[in-house]
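Shown next: protein.cif, given as mmCIF, C-alpha atoms and all ligand atoms.
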```cif
data_work
loop_
_atom_site.label_atom_id
_atom_site.label_comp_id
_atom_site.auth_asym_id
_atom_site.auth_seq_id
_atom_site.Cartn_x
_atom_site.Cartn_y
_atom_site.Cartn_z
CA MET A 1 16.80 -28.86 -0.40
CA SER A 2 13.33 -27.54 -0.17
CA ASP A 3 11.25 -25.31 -2.34
CA PRO A 4 8.11 -23.22 -1.97
CA TYR A 5 6.15 -25.55 -4.25
CA ARG A 6 6.71 -28.49 -1.94
CA TYR A 7 5.68 -26.47 1.05
CA LEU A 8 2.53 -25.11 -0.58
CA THR A 9 1.57 -28.60 -1.80
CA SER A 10 1.89 -29.89 1.76
CA LEU A 11 -0.19 -26.95 3.00
CA GLY A 12 -2.92 -27.83 0.49
CA GLN A 13 -2.77 -31.49 1.58
CA SER A 14 -3.11 -30.53 5.25
CA LEU A 15 -6.12 -28.33 4.54
CA ALA A 16 -7.70 -31.15 2.51
CA ALA A 17 -7.04 -33.64 5.34
CA MET A 18 -8.49 -31.24 7.90
CA ALA A 19 -11.65 -30.94 5.87
CA LEU A 20 -11.97 -34.74 5.80
CA TYR A 21 -10.92 -35.84 9.30
CA PRO A 22 -11.87 -34.55 12.73
CA GLY A 23 -9.31 -33.02 15.14
CA GLY A 24 -6.84 -35.55 16.54
CA HIS A 25 -7.38 -38.09 13.74
CA PRO A 26 -4.01 -39.70 12.84
CA ALA A 27 -4.36 -38.97 9.10
CA ARG A 28 -4.93 -35.32 9.87
CA GLU A 29 -2.03 -35.11 12.31
CA ARG A 30 0.29 -36.85 9.81
CA ALA A 31 -0.55 -34.31 7.11
CA VAL A 32 0.10 -31.43 9.52
CA ASP A 33 3.40 -33.01 10.63
CA ALA A 34 4.52 -33.37 7.02
CA SER A 35 3.59 -29.79 6.23
CA PHE A 36 5.34 -28.49 9.34
CA GLU A 37 8.44 -30.38 8.24
CA GLN A 38 8.31 -28.79 4.79
CA LEU A 39 7.91 -25.37 6.38
CA ASN A 40 11.01 -25.95 8.49
CA GLU A 41 13.01 -27.00 5.46
CA LEU A 42 11.90 -23.90 3.63
CA ALA A 43 12.67 -21.68 6.62
CA GLY A 44 16.05 -23.40 6.93
CA ASP A 45 16.95 -22.31 3.41
CA GLU A 46 16.05 -18.71 3.99
CA ALA A 47 14.58 -17.07 7.09
CA GLY A 48 10.99 -15.88 7.21
CA PRO A 49 9.24 -17.49 4.25
CA GLN A 50 6.55 -15.23 2.91
CA PHE A 51 3.84 -15.67 0.33
CA SER A 52 1.20 -13.53 -1.33
CA PHE A 53 -1.89 -14.82 -3.09
CA LEU A 54 -3.01 -12.15 -5.52
CA ASP A 55 -5.04 -12.17 -8.70
CA GLY A 56 -4.77 -15.96 -9.12
CA GLU A 57 -0.98 -15.69 -8.80
CA VAL A 58 1.16 -17.07 -6.01
CA ILE A 59 4.15 -14.93 -5.07
CA TYR A 60 7.01 -16.29 -3.01
CA ARG A 61 9.15 -13.43 -1.79
CA ARG A 62 9.50 -11.38 -4.97
CA GLN A 63 8.90 -14.10 -7.47
CA ILE A 64 5.70 -15.16 -9.11
CA LEU A 65 5.46 -18.96 -8.96
CA ARG A 66 4.29 -19.52 -12.52
CA GLU A 67 3.51 -23.22 -12.04
CA LEU A 68 0.99 -22.26 -9.37
CA THR A 69 -0.95 -19.71 -11.44
CA GLY A 70 -4.60 -20.42 -10.76
CA TRP A 71 -3.73 -22.78 -7.86
CA GLU A 72 -7.01 -23.70 -6.22
CA TRP A 73 -5.87 -23.29 -2.60
CA GLY A 74 -4.27 -19.96 -3.42
CA LYS A 75 -7.57 -18.69 -4.75
CA ARG A 76 -9.44 -20.05 -1.75
CA LEU A 77 -7.02 -18.50 0.71
CA ALA A 78 -7.20 -15.15 -1.09
CA SER A 79 -10.97 -15.13 -1.10
CA ALA A 80 -11.00 -15.96 2.64
CA GLY A 81 -8.96 -12.76 3.21
CA ILE A 82 -5.52 -14.36 3.38
CA GLN A 83 -3.64 -12.62 0.63
CA ARG A 84 -0.35 -12.46 2.41
CA LEU A 85 1.26 -14.95 4.67
CA GLU A 86 4.52 -14.78 6.51
CA PHE A 87 6.28 -17.13 8.90
CA LEU A 88 8.71 -15.52 11.30
CA ASP A 89 11.49 -17.55 12.91
CA GLY A 90 10.71 -20.19 15.50
CA VAL A 91 7.15 -21.27 14.69
CA THR A 92 6.38 -24.34 16.82
CA ARG A 93 4.41 -27.40 15.77
CA GLU A 94 1.70 -26.38 18.22
CA GLU A 95 1.43 -22.90 16.76
CA TYR A 96 1.42 -24.28 13.26
CA GLY A 97 -1.40 -26.73 14.08
CA GLY A 98 -3.37 -23.96 15.78
CA TRP A 99 -2.93 -21.71 12.79
CA LEU A 100 -4.12 -24.44 10.39
CA ASP A 101 -7.22 -24.90 12.56
CA GLU A 102 -7.88 -21.21 12.27
CA LEU A 103 -7.33 -21.28 8.51
CA GLN A 104 -9.80 -24.09 8.21
CA HIS A 105 -12.39 -22.05 10.08
CA LEU A 106 -11.76 -19.05 7.86
CA LEU A 107 -12.00 -21.17 4.70
CA SER A 108 -15.29 -22.63 5.82
CA GLY A 109 -16.61 -19.16 6.63
CA GLU A 110 -16.74 -19.70 10.40
CA THR A 111 -15.09 -17.47 12.95
CA PRO A 112 -12.32 -19.06 15.02
CA ASP A 113 -13.31 -20.48 18.41
CA THR A 114 -11.27 -18.41 20.77
CA ALA A 115 -9.37 -15.16 20.81
CA GLU A 116 -6.67 -17.10 22.64
CA ALA A 117 -5.94 -19.24 19.60
CA ARG A 118 -5.63 -16.15 17.45
CA GLN A 119 -3.12 -14.61 19.84
CA LEU A 120 -1.11 -17.78 19.92
CA VAL A 121 -0.64 -17.84 16.19
CA ALA A 122 -0.54 -14.13 15.59
CA ARG A 123 2.95 -13.72 16.96
CA ARG A 124 5.01 -15.73 14.53
CA ILE A 125 2.61 -16.43 11.70
CA ARG A 126 1.34 -13.24 10.16
CA TYR A 127 -1.37 -13.11 7.58
CA GLY A 128 -4.03 -10.81 6.28
CA ALA A 129 -5.66 -9.11 3.36
CA ILE A 130 -4.36 -7.20 0.38
CA GLU A 131 -7.37 -6.82 -1.75
CA VAL A 132 -6.99 -6.34 -5.44
CA ARG A 133 -10.07 -5.12 -7.20
CA ALA A 134 -11.49 -7.34 -9.88
CA GLY A 135 -11.21 -6.06 -13.43
CA ALA A 136 -8.53 -4.28 -15.40
CA PRO A 137 -7.96 -0.53 -15.31
CA GLY A 138 -10.15 0.95 -18.00
CA ALA A 139 -12.97 -1.54 -17.53
CA ALA A 140 -16.20 0.29 -16.79
CA ARG A 141 -18.36 -1.06 -14.02
CA PRO A 142 -22.00 -0.11 -13.81
CA ALA A 143 -22.74 2.29 -10.97
CA GLU A 144 -24.85 0.97 -8.15
CA ALA A 145 -28.28 2.51 -8.16
CA GLY A 146 -28.78 5.29 -5.65
CA VAL A 147 -25.21 5.34 -4.44
CA ASP A 148 -22.90 8.19 -5.15
CA PRO A 149 -19.57 6.43 -5.18
CA GLU A 150 -17.72 9.75 -5.01
CA ALA A 151 -19.27 10.53 -1.65
CA ALA A 152 -17.63 7.64 0.14
CA PRO A 153 -15.07 5.71 -1.86
CA ASP A 154 -14.68 2.29 -0.36
CA LEU A 155 -10.93 1.89 -0.16
CA GLY A 156 -10.87 0.09 3.19
CA ALA A 157 -8.81 -2.82 1.87
CA GLU A 158 -6.29 -0.55 0.16
CA VAL A 159 -5.90 1.61 3.25
CA GLU A 160 -5.41 -1.48 5.38
CA ALA A 161 -2.80 -2.76 2.91
CA ILE A 162 -0.96 0.60 2.93
CA ARG A 163 -0.94 0.58 6.73
CA TRP A 164 0.49 -2.94 6.62
CA ILE A 165 3.17 -1.89 4.08
CA HIS A 166 4.20 1.00 6.35
CA GLY A 167 4.35 -1.42 9.27
CA GLU A 168 6.56 -3.83 7.34
CA VAL A 169 8.97 -1.04 6.45
CA GLY A 170 8.95 0.40 9.97
CA ASP A 171 9.20 -2.88 11.91
CA LEU A 172 11.15 -5.12 9.59
CA GLY A 173 12.87 -2.69 7.23
CA ARG A 174 11.41 -4.54 4.27
CA LEU A 175 9.47 -2.85 1.48
CA PRO A 176 6.90 -5.27 0.03
CA LEU A 177 7.00 -4.00 -3.53
CA LEU A 178 4.66 -6.46 -5.22
CA GLU A 179 2.02 -5.64 -2.65
CA ALA A 180 2.57 -1.88 -3.13
CA GLU A 181 2.11 -2.40 -6.85
CA ALA A 182 -1.04 -4.41 -6.19
CA VAL A 183 -2.45 -1.52 -4.15
CA VAL A 184 -1.72 0.91 -6.98
CA ARG A 185 -3.36 -1.42 -9.53
CA SER A 186 -6.34 -1.57 -7.26
CA LEU A 187 -6.52 2.23 -6.93
CA ALA A 188 -6.23 2.50 -10.73
CA VAL A 189 -9.18 0.16 -11.11
CA ALA A 190 -11.17 2.22 -8.59
CA MET A 191 -10.45 5.33 -10.67
CA HIS A 192 -11.91 3.70 -13.75
CA SER A 193 -14.91 2.01 -12.32
CA ARG A 194 -17.20 4.44 -14.11
CA SER A 195 -16.90 6.00 -17.51
CA GLU A 196 -16.55 9.51 -15.98
CA ILE A 197 -13.33 10.80 -14.50
CA ARG A 198 -13.31 9.52 -10.99
CA LEU A 199 -10.99 10.39 -8.16
CA PRO A 200 -11.43 8.04 -5.24
CA LEU A 201 -10.05 10.44 -2.64
CA LEU A 202 -10.39 9.67 1.02
CA GLN A 203 -11.46 11.98 3.80
CA LEU A 204 -9.49 11.79 6.96
CA LYS A 205 -11.34 10.28 9.90
CA THR A 206 -8.66 10.41 12.56
CA PHE A 207 -5.28 12.02 12.44
CA ASP A 208 -3.67 8.61 12.91
CA GLN A 209 -4.80 7.67 9.44
CA TYR A 210 -3.09 10.65 7.93
CA THR A 211 -0.11 8.91 6.38
CA THR A 212 -2.18 6.09 4.91
CA THR A 213 -5.01 8.18 3.48
CA HIS A 214 -2.54 10.80 2.26
CA SER A 215 -0.40 8.14 0.50
CA SER A 216 -3.48 6.74 -1.19
CA ASN A 217 -4.71 10.20 -2.26
CA VAL A 218 -1.35 11.32 -3.61
CA SER A 219 -1.08 8.07 -5.57
CA VAL A 220 -4.55 8.60 -7.07
CA LEU A 221 -3.86 12.27 -7.88
CA ALA A 222 -0.48 11.49 -9.48
CA MET A 223 -2.12 8.83 -11.66
CA ALA A 224 -5.01 11.11 -12.60
CA THR A 225 -2.62 13.96 -13.51
CA THR A 226 -0.31 11.84 -15.66
CA GLU A 227 -3.23 10.12 -17.32
CA TYR A 228 -4.67 13.55 -18.06
CA LEU A 229 -1.32 14.51 -19.59
CA GLY A 230 -1.59 11.51 -21.92
CA LEU A 231 0.95 9.09 -20.44
CA GLY A 232 0.44 5.36 -21.06
CA SER A 233 -1.10 3.15 -18.40
CA ARG A 234 2.20 1.52 -17.43
CA GLU A 235 3.87 4.86 -16.81
CA VAL A 236 0.79 6.12 -15.03
CA ARG A 237 1.03 3.26 -12.57
CA THR A 238 4.76 3.88 -12.06
CA PHE A 239 3.81 7.42 -11.01
CA GLY A 240 1.13 5.87 -8.82
CA VAL A 241 3.74 3.77 -6.99
CA ALA A 242 5.97 6.84 -6.61
CA GLY A 243 3.01 8.78 -5.18
CA LEU A 244 2.16 5.94 -2.82
CA LEU A 245 5.71 5.76 -1.46
CA HIS A 246 6.62 9.46 -1.47
CA ASP A 247 6.37 9.87 2.32
CA LEU A 248 7.69 6.42 3.20
CA GLY A 249 10.55 8.00 5.17
CA LYS A 250 7.98 9.09 7.76
CA VAL A 251 8.05 5.55 9.20
CA ARG A 252 11.45 6.56 10.62
CA ILE A 253 10.21 9.81 12.19
CA PRO A 254 9.15 9.56 15.88
CA LYS A 255 5.38 9.39 16.21
CA GLU A 256 5.24 12.28 18.72
CA ILE A 257 6.60 14.58 16.04
CA LEU A 258 4.43 13.16 13.25
CA VAL A 259 1.20 13.70 15.14
CA LYS A 260 2.15 16.85 17.03
CA PRO A 261 -0.87 19.13 16.97
CA GLY A 262 0.89 22.51 17.14
CA GLN A 263 3.75 24.17 15.32
CA PHE A 264 7.15 22.45 15.28
CA THR A 265 10.17 23.66 17.19
CA GLU A 266 13.29 24.17 15.11
CA GLU A 267 14.70 20.76 16.13
CA GLU A 268 11.43 18.99 15.43
CA ARG A 269 11.23 20.58 12.03
CA ALA A 270 14.77 19.41 11.25
CA VAL A 271 13.81 15.84 12.23
CA MET A 272 10.65 15.99 10.14
CA GLN A 273 12.58 17.28 7.16
CA ARG A 274 14.71 14.16 7.20
CA HIS A 275 11.86 12.09 5.79
CA PRO A 276 12.77 12.59 2.09
CA VAL A 277 16.32 11.34 2.63
CA GLU A 278 15.12 8.47 4.83
CA GLY A 279 12.47 7.49 2.28
CA ALA A 280 14.91 7.48 -0.64
CA ARG A 281 17.32 5.39 1.43
CA ILE A 282 14.68 2.80 2.26
CA ILE A 283 13.56 2.52 -1.36
CA ILE A 284 17.02 2.42 -2.91
CA GLY A 285 18.12 -0.21 -0.43
CA GLN A 286 15.39 -2.53 -1.66
CA GLU A 287 14.77 -2.40 -5.34
CA ALA A 288 16.69 -1.24 -8.37
CA ARG A 289 13.55 -0.89 -10.41
CA LEU A 290 12.11 1.63 -7.97
CA GLU A 291 14.49 4.33 -9.10
CA LEU A 292 11.69 6.76 -9.97
CA ALA A 293 10.04 6.28 -6.58
CA ALA A 294 13.39 6.91 -4.88
CA PHE A 295 13.81 10.19 -6.81
CA VAL A 296 10.31 11.26 -5.84
CA ALA A 297 10.78 10.36 -2.18
CA TYR A 298 13.97 12.43 -2.15
CA GLU A 299 12.75 15.42 -4.15
CA HIS A 300 9.06 15.89 -3.46
CA HIS A 301 9.65 18.91 -1.18
CA LEU A 302 11.97 20.69 -3.61
CA MET A 303 10.65 23.87 -5.18
CA LEU A 304 11.04 24.97 -8.75
CA ASN A 305 13.13 27.97 -7.65
CA GLY A 306 15.57 25.82 -5.70
CA GLY A 307 13.89 26.31 -2.30
CA GLY A 308 12.47 23.58 -0.12
CA TYR A 309 14.37 20.62 1.32
CA PRO A 310 16.62 18.64 1.47
CA THR A 311 19.38 21.11 0.64
CA LEU A 312 21.15 19.94 -2.50
CA ARG A 313 24.90 20.28 -2.58
CA TYR A 314 24.72 20.84 -6.32
CA PRO A 315 21.38 22.45 -7.10
CA ARG A 316 19.62 20.83 -10.05
CA ASP A 317 16.18 20.55 -11.49
CA ALA A 318 13.96 18.01 -9.75
CA HIS A 319 12.78 15.01 -11.74
CA TYR A 320 9.54 15.52 -13.64
CA ALA A 321 7.84 12.86 -11.50
CA SER A 322 8.90 14.71 -8.34
CA LYS A 323 7.31 17.90 -9.69
CA VAL A 324 4.06 16.04 -10.36
CA VAL A 325 4.00 14.51 -6.89
CA HIS A 326 4.92 17.87 -5.30
CA VAL A 327 1.75 19.46 -6.73
CA CYS A 328 -0.45 16.51 -5.72
CA ASP A 329 1.14 16.34 -2.27
CA VAL A 330 0.54 20.00 -1.43
CA TYR A 331 -3.00 19.92 -2.80
CA ASP A 332 -3.96 16.89 -0.70
CA ALA A 333 -2.27 18.26 2.42
CA LEU A 334 -4.17 21.56 2.08
CA CYS A 335 -7.50 19.80 1.50
CA THR A 336 -7.08 17.76 4.68
CA ASP A 337 -8.08 18.69 8.21
CA ARG A 338 -5.02 19.33 10.35
CA PRO A 339 -4.92 19.58 14.12
CA TYR A 340 -4.12 23.30 13.77
CA ARG A 341 -6.45 24.23 10.88
CA PRO A 342 -9.53 22.91 9.10
CA ALA A 343 -9.30 21.53 5.56
CA TRP A 344 -9.23 24.09 2.77
CA THR A 345 -11.75 23.95 -0.03
CA SER A 346 -10.50 22.65 -3.35
CA GLU A 347 -10.86 26.13 -4.82
CA ARG A 348 -8.68 27.72 -2.16
CA ALA A 349 -6.03 24.99 -2.53
CA LEU A 350 -5.97 25.48 -6.30
CA GLY A 351 -5.57 29.21 -5.67
CA TYR A 352 -2.53 28.46 -3.50
CA LEU A 353 -1.00 26.39 -6.31
CA ALA A 354 -1.71 29.17 -8.81
CA GLU A 355 -0.09 31.81 -6.59
CA ARG A 356 3.10 29.78 -6.37
CA SER A 357 3.05 28.59 -9.94
CA GLY A 358 6.42 29.38 -11.52
CA THR A 359 8.21 29.78 -8.19
CA GLU A 360 7.38 26.69 -6.14
CA PHE A 361 5.50 24.64 -8.75
CA ASP A 362 5.94 23.89 -12.44
CA PRO A 363 3.40 26.15 -14.21
CA GLU A 364 2.46 23.58 -16.86
CA LEU A 365 1.74 21.02 -14.20
CA VAL A 366 -0.33 23.44 -12.11
CA ASP A 367 -2.30 24.24 -15.23
CA ALA A 368 -2.93 20.59 -16.14
CA PHE A 369 -3.71 19.67 -12.52
CA THR A 370 -6.20 22.53 -12.19
CA ARG A 371 -7.99 21.56 -15.40
CA MET A 372 -8.05 17.90 -14.38
CA ILE A 373 -9.60 18.72 -10.98
CA GLY A 374 -12.07 21.07 -12.70
CA GLU A 375 -13.24 18.36 -15.09
CA TRP A 376 -13.55 15.87 -12.28
CA GLN A 377 -15.66 18.30 -10.25
CA GLN A 378 -17.89 18.95 -13.24
CA SER A 379 -18.50 15.26 -13.85
CA ARG A 380 -19.06 14.80 -10.14
CA GLY A 381 -21.63 17.60 -10.19
CA ALA A 382 -23.39 15.83 -13.06
CA ILE A 383 -23.49 12.59 -11.05
CA GLU A 384 -24.95 14.39 -8.04
CA GLU A 385 -27.63 16.03 -10.15
CA THR A 386 -28.81 12.73 -11.60
CA ALA A 387 -28.61 10.91 -8.24
FE FE A 401 6.66 14.61 2.35
FE FE A 402 3.26 14.07 1.50
#
```

Rewritten as structure tokens:
Amino acid sequence: MSDPYRYLTSLGQSLAAMALYPGGHPARERAVDASFEQLNELAGDEAGPQFSFLDGEVIYRRQILRELTGWEWGKRLASAGIQRLEFLDGVTREEYGGWLDELQHLLSGETPDTAEARQLVARRIRYGAIEVRAGAPGAARPAEAGVDPEAAPDLGAEVEAIRWIHGEVGDLGRLPLLEAEAVVRSLAVAMHSRSEIRLPLLQLKTFDQYTTTHSSNVSVLAMATTEYLGLGSREVRTFGVAGLLHDLGKVRIPKEILVKPGQFTEEERAVMQRHPVEGARIIIGQEARLELAAFVAYEHHLMLNGGGYPTLRYPRDAHYASKVVHVCDVYDALCTDRPYRPAWTSERALGYLAERSGTEFDPELVDAFTRMIGEWQQSRGAIEETA
């Protein structure tokens, strides 16, 4: 019987031995052998062991390992950019040793020797960053002098993490929920890093980034709207997760259709319109506590008057959260450059929402959303004037 604690202890011991002894030293090799053995025992219990090192916590699969809260190696790995770690089946001793060498380089701040080594280990040992911003939502951070943070929100780590989450769902059919929640926490912190209302919205650089930047923006807008409506921070973040995952079903839509520059044919449109059902299926298959996100994935293209898609066999009112995300979704889509049209101004997009308020959108939500965006733009104007 093995357990993740024993494996992580052996990993820490190997890293300590590697710092002490040069390559090939018997003490170093013994520590690596022992750790490799522990890994195999762990992998024997359940395929594909996977860890996350976030916020001083160590997560094994979906569980926080309480005994390892504040574990020194976990913190060191996280700060070296290794916040998630996954071993696929069939890692060899050679690969494992190579990967530990690379870890040691990363921990000591050096770059690995060769690209070849990286390729060797990249196949079956996957690792990377999921950055969580320091500080709790609500904590004000002083603005950096001379920098307008609204102009270029730095959400590189979050975007990278969202791209990774989409990849996990698309390639492995696994939704990494704790990591998705960590991204939302991080976006919530970014929203509160000044005392003013702040919307860290991303501008699209290439169309490839559309799904990631759009997911991040809809999450931020859903949190800002519900916060504006007076919901508590826990609920706000639940809406943030639902916003982040609303288009998850797009991982199952062929890329040629997703990035098609022109108008869709009838068949292509039908395929595209499957993404709400696909998304709800993926989410429901994973986590009972993601019920709200599953509703939102399923319903975010439904209109107030019963239009939109998917077609419901028994028409009913969409969930409140779906109505919130629907408004945020359309606003962000309109304010984004598309291959077939340039981005609309915020004013024009708000006009679109107003025109369809009461038919496509919930009027109270359009009203609250419009006021929220207005206040944000005012405070943004004030920042620009003093900059
Ligand atoms: Fe959608
Ligand atoms: Fe969307």

Residues up to 8 Å from ligand FE 402 (chain A), counting only C-alpha atoms and all ligand atoms: could you list those as a ChimeraX atom specification?
/A:211,214-215,218,246-247,300,326,329-330,333

Distance atom CA of A:Leu201-atom CA of A:Asn217, one decimal place?
5.4 Å

Report as JSON lines: every residue of chain A with an atom at most 12 Å from ligand FE 401 (chain A), its closest pair of atoms, and their distance in Å to one decimal, counting all atoms listed in the file, with rows sorted by chain and ascending residue number.
```
{"residue": "A:Tyr210", "atom": "CA", "partner": "A:FE401", "partner_atom": "FE", "distance": 11.9}
{"residue": "A:Thr211", "atom": "CA", "partner": "A:FE401", "partner_atom": "FE", "distance": 9.7}
{"residue": "A:His214", "atom": "CA", "partner": "A:FE401", "partner_atom": "FE", "distance": 10.0}
{"residue": "A:Ser215", "atom": "CA", "partner": "A:FE401", "partner_atom": "FE", "distance": 9.8}
{"residue": "A:Val218", "atom": "CA", "partner": "A:FE401", "partner_atom": "FE", "distance": 10.5}
{"residue": "A:Ala242", "atom": "CA", "partner": "A:FE401", "partner_atom": "FE", "distance": 11.9}
{"residue": "A:Gly243", "atom": "CA", "partner": "A:FE401", "partner_atom": "FE", "distance": 10.2}
{"residue": "A:Leu244", "atom": "CA", "partner": "A:FE401", "partner_atom": "FE", "distance": 11.1}
{"residue": "A:Leu245", "atom": "CA", "partner": "A:FE401", "partner_atom": "FE", "distance": 9.7}
{"residue": "A:His246", "atom": "CA", "partner": "A:FE401", "partner_atom": "FE", "distance": 6.4}
{"residue": "A:Asp247", "atom": "CA", "partner": "A:FE401", "partner_atom": "FE", "distance": 4.7}
{"residue": "A:Leu248", "atom": "CA", "partner": "A:FE401", "partner_atom": "FE", "distance": 8.3}
{"residue": "A:Gly249", "atom": "CA", "partner": "A:FE401", "partner_atom": "FE", "distance": 8.2}
{"residue": "A:Lys250", "atom": "CA", "partner": "A:FE401", "partner_atom": "FE", "distance": 7.8}
{"residue": "A:Val251", "atom": "CA", "partner": "A:FE401", "partner_atom": "FE", "distance": 11.4}
{"residue": "A:Ile253", "atom": "CA", "partner": "A:FE401", "partner_atom": "FE", "distance": 11.5}
{"residue": "A:Leu258", "atom": "CA", "partner": "A:FE401", "partner_atom": "FE", "distance": 11.2}
{"residue": "A:Met272", "atom": "CA", "partner": "A:FE401", "partner_atom": "FE", "distance": 8.9}
{"residue": "A:Gln273", "atom": "CA", "partner": "A:FE401", "partner_atom": "FE", "distance": 8.1}
{"residue": "A:Arg274", "atom": "CA", "partner": "A:FE401", "partner_atom": "FE", "distance": 9.4}
{"residue": "A:His275", "atom": "CA", "partner": "A:FE401", "partner_atom": "FE", "distance": 6.7}
{"residue": "A:Pro276", "atom": "CA", "partner": "A:FE401", "partner_atom": "FE", "distance": 6.4}
{"residue": "A:Val277", "atom": "CA", "partner": "A:FE401", "partner_atom": "FE", "distance": 10.2}
{"residue": "A:Glu278", "atom": "CA", "partner": "A:FE401", "partner_atom": "FE", "distance": 10.7}
{"residue": "A:Gly279", "atom": "CA", "partner": "A:FE401", "partner_atom": "FE", "distance": 9.2}
{"residue": "A:Ala280", "atom": "CA", "partner": "A:FE401", "partner_atom": "FE", "distance": 11.3}
{"residue": "A:Val296", "atom": "CA", "partner": "A:FE401", "partner_atom": "FE", "distance": 9.6}
{"residue": "A:Ala297", "atom": "CA", "partner": "A:FE401", "partner_atom": "FE", "distance": 7.5}
{"residue": "A:Tyr298", "atom": "CA", "partner": "A:FE401", "partner_atom": "FE", "distance": 8.9}
{"residue": "A:Glu299", "atom": "CA", "partner": "A:FE401", "partner_atom": "FE", "distance": 8.9}
{"residue": "A:His300", "atom": "CA", "partner": "A:FE401", "partner_atom": "FE", "distance": 6.4}
{"residue": "A:His301", "atom": "CA", "partner": "A:FE401", "partner_atom": "FE", "distance": 6.3}
{"residue": "A:Leu302", "atom": "CA", "partner": "A:FE401", "partner_atom": "FE", "distance": 10.0}
{"residue": "A:Gly308", "atom": "CA", "partner": "A:FE401", "partner_atom": "FE", "distance": 11.0}
{"residue": "A:Tyr309", "atom": "CA", "partner": "A:FE401", "partner_atom": "FE", "distance": 9.8}
{"residue": "A:Pro310", "atom": "CA", "partner": "A:FE401", "partner_atom": "FE", "distance": 10.8}
{"residue": "A:Ser322", "atom": "CA", "partner": "A:FE401", "partner_atom": "FE", "distance": 10.9}
{"residue": "A:Val325", "atom": "CA", "partner": "A:FE401", "partner_atom": "FE", "distance": 9.6}
{"residue": "A:His326", "atom": "CA", "partner": "A:FE401", "partner_atom": "FE", "distance": 8.5}
{"residue": "A:Val327", "atom": "CA", "partner": "A:FE401", "partner_atom": "FE", "distance": 11.4}
{"residue": "A:Cys328", "atom": "CA", "partner": "A:FE401", "partner_atom": "FE", "distance": 10.9}
{"residue": "A:Asp329", "atom": "CA", "partner": "A:FE401", "partner_atom": "FE", "distance": 7.4}
{"residue": "A:Val330", "atom": "CA", "partner": "A:FE401", "partner_atom": "FE", "distance": 9.0}
{"residue": "A:Asp332", "atom": "CA", "partner": "A:FE401", "partner_atom": "FE", "distance": 11.3}
{"residue": "A:Ala333", "atom": "CA", "partner": "A:FE401", "partner_atom": "FE", "distance": 9.6}
```

Computed interatomic separation between atom CA of A:Ile257 and atom CA of A:Ile283 (Å)
22.3 Å

Please identify all polymer residues within 10 Å of stretch 362-379 of chain A, counting all atoms listed in the file, omitting same-chain residues fewer than 5 positions from it, and present them as a PyMOL selection string.
chain A and resi 196-199+221-222+224-229+303-305+320+323-324+326-328+331+346-347+349-351+353-354+356-357+384-385

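Minimum atom-to-atom distances from A:Leu11, A:Ala157, A:Val184, A:Val189 to A:Gly97 were compared using all atoms listed in the file, and the lowest value belongs to A:Leu11.
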
Please list as a tab-separated table (two decimals) with C-alpha atoms, in the frame of the given file every residue within 7 Å of stretch 34-42 of chain A, counting all atoms listed in the file and excluding residues in the same chain fewer than 6 positions away.
```tsv
chain	number	residue	atom	x	y	z
A	2	SER	CA	13.33	-27.54	-0.17
A	3	ASP	CA	11.25	-25.31	-2.34
A	4	PRO	CA	8.11	-23.22	-1.97
A	6	ARG	CA	6.71	-28.49	-1.94
A	7	TYR	CA	5.68	-26.47	1.05
A	10	SER	CA	1.89	-29.89	1.76
A	11	LEU	CA	-0.19	-26.95	3.00
A	14	SER	CA	-3.11	-30.53	5.25
A	49	PRO	CA	9.24	-17.49	4.25
A	93	ARG	CA	4.41	-27.40	15.77
A	96	TYR	CA	1.42	-24.28	13.26
```

Between A:Val32, A:Ser219, A:Tyr127, A:Ala80, single out the one closest to A:Gly98, counting all atoms listed in the file.
A:Val32

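The spacing separating atom CA of A:Gln83 from atom CA of A:Gln203 amounts to 26.0 Å.
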
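Checking A:Gly56, A:Leu290, A:Pro26, A:Thr359 one by one against A:Thr238, counting only C-alpha atoms, you find the shortest gap at A:Leu290.
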
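If you measure from each of A:Glu67, A:Asp33, A:Glu160, A:Glu57 to A:Thr92 using all atoms listed in the file, the closest one turns out to be A:Asp33.
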
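Nearest residue to A:Met191 among A:His319, A:Leu8, A:Ser216, A:Phe87 is A:Ser216, counting all atoms listed in the file.
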